[in-house]
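Colleague: Handing over model.cif, mmCIF, C-alpha atoms (C1' of nucleotides).
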```
data_query
loop_
_atom_site.group_PDB
_atom_site.id
_atom_site.type_symbol
_atom_site.label_atom_id
_atom_site.label_comp_id
_atom_site.auth_asym_id
_atom_site.auth_seq_id
_atom_site.Cartn_x
_atom_site.Cartn_y
_atom_site.Cartn_z
ATOM 1 C CA MET A 148 -14.397 6.443 -6.254
ATOM 2 C CA LEU A 149 -12.653 4.662 -3.565
ATOM 3 C CA ALA A 150 -12.116 7.671 -1.457
ATOM 4 C CA SER A 151 -15.731 8.558 -1.279
ATOM 5 C CA GLY A 152 -16.379 5.130 0.053
ATOM 6 C CA GLY A 153 -14.534 6.507 2.981
ATOM 7 C CA LEU A 154 -12.700 4.806 5.742
ATOM 8 C CA ARG A 155 -10.452 2.365 4.116
ATOM 9 C CA ARG A 156 -7.701 4.270 2.636
ATOM 10 C CA PHE A 157 -5.446 1.346 2.503
ATOM 11 C CA SER A 158 -4.670 -1.019 -0.110
ATOM 12 C CA SER A 159 -2.279 -3.661 -0.943
ATOM 13 C CA MET A 160 -2.295 -4.877 -4.425
ATOM 14 C CA GLU A 161 -1.197 -7.983 -5.941
ATOM 15 C CA LYS A 162 -0.364 -8.198 -9.504
ATOM 16 C CA SER A 163 -2.398 -11.080 -10.664
ATOM 17 C CA LYS A 164 -0.373 -13.382 -12.771
ATOM 18 C CA SER A 165 -1.706 -16.569 -14.140
ATOM 19 C CA SER A 166 -0.922 -18.371 -10.957
ATOM 20 C CA ARG A 167 -2.320 -16.938 -7.852
ATOM 21 C CA ASP A 168 0.600 -17.597 -5.621
ATOM 22 C CA SER A 169 3.130 -15.851 -7.753
ATOM 23 C CA THR A 170 2.051 -12.520 -6.462
ATOM 24 C CA THR A 171 4.277 -9.569 -6.246
ATOM 25 C CA ALA A 172 2.555 -7.387 -3.773
ATOM 26 C CA LEU A 173 2.739 -3.660 -3.762
ATOM 27 C CA TYR A 174 1.589 -1.599 -0.845
ATOM 28 C CA ALA A 175 -0.022 1.758 -1.132
ATOM 29 C CA VAL A 176 -1.768 4.223 1.082
ATOM 30 C CA GLN A 177 -4.170 6.914 0.077
ATOM 31 C CA CYS A 178 -3.548 10.451 1.226
ATOM 32 C CA GLY A 179 -6.376 11.754 3.363
ATOM 33 C CA LYS A 180 -6.204 15.157 1.698
ATOM 34 C CA CYS A 181 -5.453 14.761 -1.987
ATOM 35 C CA PHE A 182 -6.558 11.127 -2.176
ATOM 36 C CA LYS A 183 -3.627 10.177 -4.310
ATOM 37 C CA TRP A 184 -2.124 6.773 -3.846
ATOM 38 C CA ARG A 185 1.411 6.591 -2.549
ATOM 39 C CA LEU A 186 3.502 3.488 -2.651
ATOM 40 C CA ILE A 187 4.923 2.251 0.597
ATOM 41 C CA PRO A 188 8.253 0.596 -0.018
ATOM 42 C CA THR A 189 8.189 -2.181 2.514
ATOM 43 C CA LYS A 190 5.617 -4.416 4.063
ATOM 44 C CA GLU A 191 6.936 -3.511 7.489
ATOM 45 C CA GLU A 192 6.334 0.142 6.915
ATOM 46 C CA TYR A 193 2.940 -0.579 5.507
ATOM 47 C CA ASP A 194 2.010 -2.709 8.512
ATOM 48 C CA ALA A 195 3.102 0.058 10.827
ATOM 49 C CA ILE A 196 0.925 2.612 9.071
ATOM 50 C CA ARG A 197 -1.997 0.261 8.965
ATOM 51 C CA GLU A 198 -1.696 -0.607 12.611
ATOM 52 C CA SER A 199 -2.764 2.809 13.833
ATOM 53 C CA PHE A 200 -4.393 4.209 10.764
ATOM 54 C CA ILE A 201 -7.566 5.417 12.429
ATOM 55 C CA GLU A 202 -5.887 7.498 15.113
ATOM 56 C CA ASP A 203 -3.091 8.445 12.823
ATOM 57 C CA PRO A 204 -4.297 8.738 9.248
ATOM 58 C CA TRP A 205 -1.862 9.206 6.475
ATOM 59 C CA PHE A 206 -1.098 12.321 4.479
ATOM 60 C CA CYS A 207 1.447 13.029 1.791
ATOM 61 C CA GLU A 208 3.243 15.432 4.057
ATOM 62 C CA LYS A 209 4.236 12.574 6.299
ATOM 63 C CA ASN A 210 6.778 11.780 3.698
ATOM 64 C CA PRO A 211 9.118 14.770 3.468
ATOM 65 C CA GLU A 212 9.927 13.912 -0.110
ATOM 66 C CA VAL A 213 6.444 14.183 -1.519
ATOM 67 C CA SER A 214 3.611 16.656 -1.433
ATOM 68 C CA CYS A 215 0.017 16.584 -2.533
ATOM 69 C CA ASP A 216 1.075 18.452 -5.638
ATOM 70 C CA ASP A 217 3.048 15.513 -6.931
ATOM 71 C CA PRO A 218 1.351 13.060 -9.238
ATOM 72 C CA ALA A 219 0.171 9.824 -7.725
ATOM 73 C CA ASP A 220 2.567 6.921 -7.543
ATOM 74 C CA ILE A 221 -0.033 4.582 -8.849
ATOM 75 C CA GLU A 222 -3.581 4.796 -10.095
ATOM 76 C CA TYR A 223 -6.474 2.689 -9.099
ATOM 77 C CA ASP A 224 -7.167 0.721 -12.241
ATOM 78 C CA THR A 225 -7.778 -2.780 -13.452
ATOM 79 C CA SER A 226 -4.217 -3.606 -14.287
ATOM 80 C CA ARG A 227 -3.799 -5.056 -10.847
ATOM 81 C CA LEU A 228 -5.842 -6.832 -8.295
ATOM 82 C CA TRP A 229 -6.641 -4.219 -5.715
ATOM 83 C CA VAL A 230 -7.303 -5.331 -2.221
ATOM 84 C CA ILE A 231 -8.469 -2.880 0.377
ATOM 85 C CA ASP A 232 -7.256 -3.612 3.850
ATOM 86 C CA LYS A 233 -9.122 -2.999 7.001
ATOM 87 C CA PRO A 234 -7.485 -0.326 9.145
ATOM 88 C CA ASN A 235 -5.865 -1.005 12.486
ATOM 89 C CA ILE A 236 -4.765 -4.539 12.046
ATOM 90 C CA PRO A 237 -2.329 -5.266 14.860
ATOM 91 C CA LYS A 238 1.244 -5.811 13.939
ATOM 92 C CA THR A 239 1.967 -9.478 13.489
ATOM 93 C CA PRO A 240 3.458 -10.771 16.736
ATOM 94 C CA PRO A 241 7.114 -11.756 16.731
ATOM 95 C CA ASN A 242 7.866 -15.290 15.615
ATOM 96 C CA THR A 243 4.482 -15.626 14.047
ATOM 97 C CA GLU A 244 3.559 -15.238 10.430
ATOM 98 C CA ARG A 245 0.358 -13.847 8.980
ATOM 99 C CA ASN A 246 -0.661 -15.310 5.665
ATOM 100 C CA LEU A 247 -3.384 -14.440 3.224
ATOM 101 C CA HIS A 248 -4.714 -17.129 0.969
ATOM 102 C CA LEU A 249 -6.638 -15.920 -1.992
ATOM 103 C CA ARG A 250 -9.272 -18.329 -3.142
ATOM 104 C CA LYS A 251 -9.190 -19.461 -6.707
ATOM 105 C CA ASP A 252 -12.474 -17.783 -7.480
ATOM 106 C CA PHE A 253 -11.255 -14.502 -5.953
ATOM 107 C CA SER A 254 -14.205 -14.557 -3.594
ATOM 108 C CA LYS A 255 -12.207 -13.950 -0.457
ATOM 109 C CA PHE A 256 -9.022 -14.416 1.482
ATOM 110 C CA ASP A 257 -8.537 -16.935 4.188
ATOM 111 C CA ILE A 258 -6.242 -15.608 6.869
ATOM 112 C CA THR A 259 -3.984 -17.844 8.882
ATOM 113 C CA TYR A 260 -1.186 -17.340 11.328
ATOM 114 C CA ILE A 261 1.710 -19.676 11.806
ATOM 115 C CA MET A 262 2.474 -19.834 15.493
ATOM 116 C CA PRO A 263 6.025 -19.987 16.879
ATOM 117 C CA ASN A 264 5.780 -23.761 17.153
ATOM 118 C CA GLY A 265 4.636 -24.116 13.566
ATOM 119 C CA LYS A 266 1.001 -24.669 14.344
ATOM 120 C CA ARG A 267 -1.481 -23.003 12.048
ATOM 121 C CA VAL A 268 -4.479 -21.135 13.420
ATOM 122 C CA ARG A 269 -7.397 -19.750 11.472
ATOM 123 C CA SER A 270 -9.561 -17.910 13.954
ATOM 124 C CA SER A 271 -9.444 -16.024 17.233
ATOM 125 C CA THR A 272 -10.950 -18.940 19.034
ATOM 126 C CA GLU A 273 -8.148 -21.113 17.788
ATOM 127 C CA VAL A 274 -5.691 -18.546 19.135
ATOM 128 C CA GLU A 275 -7.429 -18.725 22.484
ATOM 129 C CA ARG A 276 -7.177 -22.469 22.519
ATOM 130 C CA PHE A 277 -3.564 -22.254 21.535
ATOM 131 C CA LEU A 278 -2.822 -19.954 24.461
ATOM 132 C CA GLU A 279 -4.614 -22.262 26.844
ATOM 133 C CA ALA A 280 -2.617 -25.187 25.569
ATOM 134 C CA HIS A 281 0.654 -23.234 25.569
ATOM 135 C CA PRO A 282 0.418 -20.706 28.403
ATOM 136 C CA GLY A 283 4.102 -19.960 28.022
ATOM 137 C CA TYR A 284 3.284 -17.746 25.078
ATOM 138 C CA LYS A 285 0.950 -15.541 27.056
ATOM 139 C CA ASP A 286 3.690 -13.096 27.857
ATOM 140 C CA GLN A 287 4.519 -12.775 24.180
ATOM 141 C CA PHE A 288 1.134 -12.079 22.695
ATOM 142 C CA SER A 289 -2.573 -12.193 23.313
ATOM 143 C CA VAL A 290 -5.631 -12.877 21.233
ATOM 144 C CA SER A 291 -6.039 -9.215 20.445
ATOM 145 C CA ASP A 292 -2.744 -9.242 18.590
ATOM 146 C CA PHE A 293 -4.300 -11.347 15.890
ATOM 147 C CA SER A 294 -6.686 -10.232 13.218
ATOM 148 C CA PHE A 295 -8.469 -12.555 10.861
ATOM 149 C CA THR A 296 -10.449 -9.960 9.029
ATOM 150 C CA SER A 297 -10.208 -10.354 5.334
ATOM 151 C CA PRO A 298 -9.338 -7.450 3.102
ATOM 152 C CA LYS A 299 -11.903 -6.482 0.537
ATOM 153 C CA ILE A 300 -11.330 -7.559 -2.998
ATOM 154 C CA MET A 301 -12.472 -4.947 -5.447
ATOM 155 C CA GLU A 302 -14.955 -6.686 -7.610
ATOM 156 C CA GLU A 303 -14.169 -5.007 -10.850
ATOM 157 C CA MET A 304 -10.663 -6.359 -10.542
ATOM 158 C CA VAL A 305 -11.758 -9.938 -10.592
ATOM 159 C CA PRO A 306 -10.883 -11.490 -13.914
ATOM 160 C CA LYS A 307 -13.893 -12.141 -16.077
ATOM 161 C CA SER A 308 -13.017 -15.789 -16.233
ATOM 162 C CA SER A 309 -13.711 -15.977 -12.529
ATOM 163 C CA ARG A 310 -16.975 -14.168 -12.698
ATOM 164 C CA GLY A 311 -18.704 -16.715 -14.848
ATOM 165 C CA LYS A 312 -21.925 -18.459 -14.217
ATOM 166 C CA ASP A 313 -20.889 -21.119 -11.814
ATOM 167 C CA SER A 314 -17.860 -19.719 -10.163
ATOM 168 C CA VAL A 315 -18.496 -16.756 -8.077
ATOM 169 C CA GLY A 316 -17.240 -13.310 -7.455
ATOM 170 C CA ARG A 317 -20.486 -12.104 -6.216
ATOM 171 C CA LYS A 318 -22.850 -14.835 -5.498
ATOM 172 C CA ARG A 319 -25.967 -14.795 -7.528
ATOM 173 C CA LYS A 320 -29.016 -15.993 -5.814
ATOM 174 C CA ASN A 321 -31.861 -17.790 -7.451
ATOM 175 C CA GLU A 322 -32.752 -15.851 -10.474
ATOM 176 C CA ASP A 323 -36.367 -16.640 -10.569
ATOM 177 C CA GLY A 324 -38.885 -13.907 -10.718
ATOM 178 C "C1'" DG B 282 -2.907 -38.840 8.601
ATOM 179 C "C1'" DC B 283 -2.202 -34.256 7.412
ATOM 180 C "C1'" DC B 284 -3.337 -30.022 5.489
ATOM 181 C "C1'" DA B 285 -4.623 -26.876 1.840
ATOM 182 C "C1'" DC B 286 -8.689 -25.673 0.244
ATOM 183 C "C1'" DC B 287 -13.548 -24.853 -0.175
ATOM 184 C "C1'" DG B 288 -18.606 -24.551 1.134
ATOM 185 C "C1'" DG B 289 -21.966 -23.356 4.367
ATOM 186 C "C1'" DT B 290 -23.871 -20.657 7.955
ATOM 187 C "C1'" DG B 291 -24.867 -18.111 12.242
ATOM 188 C "C1'" DG B 292 -24.626 -13.799 14.046
ATOM 189 C "C1'" DC B 293 -24.353 -9.372 13.301
ATOM 190 C "C1'" DG C 292 -26.028 -9.047 2.916
ATOM 191 C "C1'" DC C 293 -21.607 -9.603 4.787
ATOM 192 C "C1'" DC C 294 -18.050 -12.003 6.938
ATOM 193 C "C1'" DA C 295 -15.778 -14.566 10.651
ATOM 194 C "C1'" DC C 296 -15.583 -19.038 11.627
ATOM 195 C "C1'" DC C 297 -15.584 -23.940 11.242
ATOM 196 C "C1'" DG C 298 -16.464 -28.681 9.248
ATOM 197 C "C1'" DG C 299 -15.425 -31.671 5.636
ATOM 198 C "C1'" DT C 300 -12.532 -33.701 2.308
ATOM 199 C "C1'" DG C 301 -9.567 -34.745 -1.702
ATOM 200 C "C1'" DG C 302 -5.057 -35.221 -2.803
ATOM 201 C "C1'" DC C 303 -0.863 -36.030 -1.244
#
```
Could you write out this structure as structure tokens?

Modeller:
Amino acid sequence: MLASGGLRRFSSMEKSKSSRDSTTALYAVQCGKCFKWRLIPTKEEYDAIRESFIEDPWFCEKNPEVSCDDPADIEYDTSRLWVIDKPNIPKTPPNTERNLHLRKDFSKFDITYIMPNGKRVRSSTEVERFLEAHPGYKDQFSVSDFSFTSPKIMEEMVPKSSRGKDSVGRKRKNEDG
DNA sequence: GCCACCGGTGGC
DNA sequence: GCCACCGGTGGC
């Protein structure tokens, strides 16, 4: 079970349609007590919960309209692509945009930010360089406001077609011996 | 020439 | 073994 894996009680899910960019994302959080999944209506709300999840874990009772006795909003199953976020990802700085790019083989996400001037960055070091080149932004955000950690893609959700011999979900090493 | 995308790898 | 990071490049 997910919950027993501990720690990451977060998930966003993307319904995997045939095309990988037509994703309708749902956001859910797992209650720390009953371990049921609760949908979070907006990305903004989800980001806010995720931002301080470790210090401030989530429980059903945080939402006055639900309790642990209510059935889960959604079940962890293979009907969707489940993606488990890392906790405590800083809120995306104003005028920037955080984008996840799922690779065709479902092996991982590449994370990029679009900076206020339209420039794309793909790592913390690139953020650092950006701030050196554009010191004017230093009062708006710092490197620590960016997170490039990729959420975990639950392997059993990866379509079989992408798990075949040559494409990879989990990489198989030499199978000699 | 740019950029979306992918493969490889060093450091942990 | 994982994953953050970066180099390379094919297609536009």

Colleague: Enumerate, as a list in words, the residues matched when the PyMOL selection byres ((chain C) within 9 of (chain A)) is run on the file above.

Modeller: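 Checking the PyMOL selection byres ((chain C) within 9 of (chain A)) against this file, the residues are DC294, DA295, DC296 and DC297 of chain C.
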
Colleague: Go ahead and save the residues from that selection, with C-alpha atoms (C1' of nucleotides), as a PDB file, in the coordinates of the input.

Modeller:
```
ATOM      1  C1'  DC C 294     -18.050 -12.003   6.938  1.00  0.00           C
ATOM      2  C1'  DA C 295     -15.778 -14.566  10.651  1.00  0.00           C
ATOM      3  C1'  DC C 296     -15.583 -19.038  11.627  1.00  0.00           C
ATOM      4  C1'  DC C 297     -15.584 -23.940  11.242  1.00  0.00           C
TER       5       DC C 297
END
```

Colleague: How many Å lie between C1' of DC293 in chain C and CA of Val230 in chain A, rounded to one decimal?

Modeller: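 Answer for the C1' of DC293 in chain C to CA of Val230 in chain A separation: 16.5 Å.
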
Colleague: Quote the spacing between CA of Asn246 in chain A and CA of Ile261 in chain A in Å to one decimal place.

Modeller: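 Here the two named atoms are 7.9 Å from each other.
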
Colleague: Report the distance between CA of Lys299 in chain A and CA of Phe253 in chain A in Å, rounded to one decimal place.

Modeller: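 CA of Lys299 in chain A sits 10.3 Å away from CA of Phe253 in chain A.
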
Colleague: Check the smallest atom-to-atom distance from each of A:Cys207, A:Cys215, A:Val290, A:Ala195 to Tyr260 in chain A using all atoms listed in the file, then report the winner.

Modeller: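 Once distances to Tyr260 in chain A are computed over all atoms listed in the file, the minimum belongs to A:Val290.
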